[in-house]
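**Q** Have a look at this one.
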Amino acid sequence: MRSHTGELMMRVRVSHLTIASAVLLLTAASASPVERMTLGAGSRLWFDGTSTLRAWTCTADKIASTIDAEAGVVDAVLDGRQVAGRLEVEFPVANLECKNGTMNEHMRKALKLTTHPKITFNLSGYDLTKGTPPGATAQGALTMNGQSRPIAVPVQFVRADGALRVTGKVPLTMTEWGVRPPTLMMGTIRVGDVVTVQFNLLLQH
C-alpha cells in the first residue's frame, strides 16, 4: 500500500513538473522584446461637429501617449500580422482649441473640465482587415466626462520614413458619455449631439 501510494505521489510530482516545464517553454518561446514608441511631430487629433449655425472643428493639442509594442511592429502590421502591445492616448480638455473663445468655454464646461480634466483612450485589442492600405478595427475604452465606454475604431496604416502612420475616424454621440451638447446665444445656437473624432498619428521609435 505504501509502495503504491509513493509511486502515485511520484507520478503526480513528475506530471506537475512536466506541465510547469511546458508552460515555461511556451512563455519563453512567445516572449518578444517590447519597445517604447512615441508620437512623432505632426500627430493630430480633432473633433468635427455641427450646430444650428455652422459646422465647427476643435483640435486636441498636446496629445500624450504610452505606446509599447513588440520589435518590428511596423513591418508586422503592414504585412497583416498581429503583434502584442499596449497603447494609451490622452489629452487635456483644457487644450481643446475651437478657434473661438466662446466655443472653447462652452465645450470645456460641457466636458466638465474642473472635475474630469482628461479624455483618454485605452486599446484592448485589434482585428486586422484586408485592403490597400492595410488597416484594422481597434477596440478599446474611451473615457470622457468621467465615464468609460467601449468603442471600435476603424484605422488605416501607412509606412512613413520607417515609422507607422495611423489614421482613422469614428462618430461619437456625446450624450452617451453624459455630455450635454453646448448651447450658445441664449439657446438660439445648438451644437449637434454627434461629433466625429479624427486622428492622424505618427508612431515611431
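Ligands are numbered from 1 in the order shown, residues from 1 within each chain, and chains are lettered A, B, ... in the order they appear in the C-alpha cells.
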Please, which residues in region 90-141 of chain A fall within 12 Å of region 166-187 of chain A when counting only C-alpha atoms, and what is the closest atom pair and distance in Å to one decimal for each, ordered by chain then residue number, as JSON lines?
**A**
{"residue": "A:Asn100", "atom": "CA", "partner": "A:Leu184", "partner_atom": "CA", "distance": 12.0}
{"residue": "A:Gly101", "atom": "CA", "partner": "A:Leu184", "partner_atom": "CA", "distance": 11.8}
{"residue": "A:Thr102", "atom": "CA", "partner": "A:Leu184", "partner_atom": "CA", "distance": 8.2}
{"residue": "A:Met103", "atom": "CA", "partner": "A:Leu184", "partner_atom": "CA", "distance": 8.0}
{"residue": "A:Asn104", "atom": "CA", "partner": "A:Pro182", "partner_atom": "CA", "distance": 10.3}
{"residue": "A:Glu105", "atom": "CA", "partner": "A:Pro182", "partner_atom": "CA", "distance": 9.6}
{"residue": "A:His106", "atom": "CA", "partner": "A:Pro182", "partner_atom": "CA", "distance": 5.9}
{"residue": "A:Met107", "atom": "CA", "partner": "A:Pro182", "partner_atom": "CA", "distance": 6.4}
{"residue": "A:Arg108", "atom": "CA", "partner": "A:Pro182", "partner_atom": "CA", "distance": 9.5}
{"residue": "A:Lys109", "atom": "CA", "partner": "A:Pro182", "partner_atom": "CA", "distance": 8.3}
{"residue": "A:Ala110", "atom": "CA", "partner": "A:Arg180", "partner_atom": "CA", "distance": 6.0}
{"residue": "A:Leu111", "atom": "CA", "partner": "A:Val179", "partner_atom": "CA", "distance": 6.1}
{"residue": "A:Lys112", "atom": "CA", "partner": "A:Val179", "partner_atom": "CA", "distance": 8.4}
{"residue": "A:Leu113", "atom": "CA", "partner": "A:Val179", "partner_atom": "CA", "distance": 11.5}
{"residue": "A:His116", "atom": "CA", "partner": "A:Val179", "partner_atom": "CA", "distance": 11.5}
{"residue": "A:Ile119", "atom": "CA", "partner": "A:Trp177", "partner_atom": "CA", "distance": 11.2}
{"residue": "A:Pro133", "atom": "CA", "partner": "A:Val166", "partner_atom": "CA", "distance": 10.7}
{"residue": "A:Pro134", "atom": "CA", "partner": "A:Val166", "partner_atom": "CA", "distance": 10.3}
{"residue": "A:Gly135", "atom": "CA", "partner": "A:Val166", "partner_atom": "CA", "distance": 8.7}
{"residue": "A:Ala136", "atom": "CA", "partner": "A:Gly168", "partner_atom": "CA", "distance": 9.8}
{"residue": "A:Thr137", "atom": "CA", "partner": "A:Gly168", "partner_atom": "CA", "distance": 9.8}
{"residue": "A:Ala138", "atom": "CA", "partner": "A:Gly168", "partner_atom": "CA", "distance": 10.1}
{"residue": "A:Gln139", "atom": "CA", "partner": "A:Val170", "partner_atom": "CA", "distance": 11.8}
{"residue": "A:Ala141", "atom": "CA", "partner": "A:Trp177", "partner_atom": "CA", "distance": 11.7}
**Q** Please, could you write that set of residues out with N, CA, C and O atoms as a compact mmCIF listing (two decimals), in the first residue's frame?
**A**
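Contents of the output file result_17.txt:
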# COMPACT_ATOMS: atom_id res chain seq x y z
N ASN A 100 -12.45 79.72 -31.32
CA ASN A 100 -13.50 80.67 -30.91
C ASN A 100 -13.57 80.64 -29.40
O ASN A 100 -13.84 79.59 -28.81
N GLY A 101 -13.28 81.77 -28.77
CA GLY A 101 -13.21 81.81 -27.31
C GLY A 101 -14.50 81.36 -26.64
O GLY A 101 -14.48 80.64 -25.64
N THR A 102 -15.63 81.77 -27.18
CA THR A 102 -16.91 81.40 -26.58
C THR A 102 -17.15 79.90 -26.72
O THR A 102 -17.59 79.23 -25.78
N MET A 103 -16.82 79.34 -27.89
CA MET A 103 -16.99 77.91 -28.11
C MET A 103 -16.04 77.12 -27.21
O MET A 103 -16.43 76.08 -26.65
N ASN A 104 -14.82 77.60 -27.05
CA ASN A 104 -13.88 76.95 -26.15
C ASN A 104 -14.47 76.84 -24.74
O ASN A 104 -14.44 75.78 -24.10
N GLU A 105 -14.98 77.95 -24.27
CA GLU A 105 -15.54 77.99 -22.91
C GLU A 105 -16.71 77.02 -22.76
O GLU A 105 -16.78 76.29 -21.76
N HIS A 106 -17.60 77.00 -23.74
CA HIS A 106 -18.77 76.13 -23.65
C HIS A 106 -18.40 74.65 -23.76
O HIS A 106 -18.99 73.81 -23.07
N MET A 107 -17.44 74.32 -24.61
CA MET A 107 -17.02 72.92 -24.75
C MET A 107 -16.36 72.43 -23.48
O MET A 107 -16.63 71.31 -23.01
N ARG A 108 -15.51 73.25 -22.88
CA ARG A 108 -14.83 72.84 -21.65
C ARG A 108 -15.81 72.70 -20.50
O ARG A 108 -15.68 71.82 -19.65
N LYS A 109 -16.82 73.55 -20.49
CA LYS A 109 -17.85 73.43 -19.46
C LYS A 109 -18.67 72.17 -19.67
O LYS A 109 -18.98 71.46 -18.72
N ALA A 110 -19.04 71.88 -20.92
CA ALA A 110 -19.83 70.69 -21.21
C ALA A 110 -19.09 69.41 -20.84
O ALA A 110 -19.69 68.43 -20.39
N LEU A 111 -17.77 69.43 -21.02
CA LEU A 111 -16.94 68.26 -20.70
C LEU A 111 -16.49 68.23 -19.25
O LEU A 111 -15.72 67.36 -18.85
N LYS A 112 -16.98 69.19 -18.46
CA LYS A 112 -16.70 69.26 -17.01
C LYS A 112 -15.19 69.26 -16.73
O LYS A 112 -14.65 68.38 -16.05
N LEU A 113 -14.54 70.26 -17.30
CA LEU A 113 -13.09 70.40 -17.18
C LEU A 113 -12.60 70.31 -15.74
O LEU A 113 -11.60 69.64 -15.46
N HIS A 116 -13.25 66.53 -14.52
CA HIS A 116 -12.75 65.47 -15.41
C HIS A 116 -11.85 66.11 -16.45
O HIS A 116 -12.26 66.33 -17.59
N ILE A 119 -9.38 63.39 -21.35
CA ILE A 119 -10.06 62.38 -22.16
C ILE A 119 -9.02 61.34 -22.54
O ILE A 119 -7.92 61.70 -22.99
N PRO A 133 -4.71 50.97 -48.36
CA PRO A 133 -3.68 50.45 -47.47
C PRO A 133 -4.26 49.49 -46.43
O PRO A 133 -5.47 49.45 -46.22
N PRO A 134 -3.38 48.70 -45.77
CA PRO A 134 -3.87 47.77 -44.74
C PRO A 134 -4.46 48.53 -43.56
O PRO A 134 -4.15 49.71 -43.34
N GLY A 135 -5.31 47.87 -42.83
CA GLY A 135 -5.94 48.55 -41.69
C GLY A 135 -6.33 47.58 -40.60
O GLY A 135 -5.91 46.42 -40.59
N ALA A 136 -7.15 48.07 -39.69
CA ALA A 136 -7.58 47.26 -38.56
C ALA A 136 -8.81 47.89 -37.94
O ALA A 136 -9.14 49.06 -38.21
N THR A 137 -9.50 47.12 -37.13
CA THR A 137 -10.54 47.66 -36.27
C THR A 137 -10.01 47.59 -34.85
O THR A 137 -9.77 46.50 -34.33
N ALA A 138 -9.77 48.74 -34.26
CA ALA A 138 -9.21 48.81 -32.92
C ALA A 138 -10.33 48.86 -31.89
O ALA A 138 -11.28 49.64 -32.03
N GLN A 139 -10.23 48.01 -30.88
CA GLN A 139 -11.21 48.02 -29.79
C GLN A 139 -10.55 48.60 -28.54
O GLN A 139 -9.37 48.38 -28.28
N ALA A 141 -11.40 51.33 -24.75
CA ALA A 141 -12.31 52.08 -23.89
C ALA A 141 -11.99 53.56 -24.00
O ALA A 141 -10.84 53.97 -23.84
**Q** Could you give me, as a PyMOL selection string, each residue of chain A that DSSP assigns to alpha helix (DSSP H) when run on this structure's backbone?
**A** chain A and resi 2-30+73-78+101-110
**Q** Report the distance between CA of Asp127 (chain A) and CA of Gln82 (chain A) in Å, rounded to one decimal place.
**A**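 Calculated distance between CA of Asp127 (chain A) and CA of Gln82 (chain A) is 8.1 Å.
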**Q** Measuring atom to atom with only C-alpha atoms, identify which of A:Val197, A:Leu53, A:Ile63, A:Val73 is nearest to Arg36 (chain A).
**A**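 With only C-alpha atoms as the atom set, the closest residue is A:Val73.
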**Q** Rounded to one decimal, what separation in Å do you get between CA of Gly85 (chain A) and CA of Asp68 (chain A)?
**A**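 Between CA of Gly85 (chain A) and CA of Asp68 (chain A) the gap is 5.3 Å.
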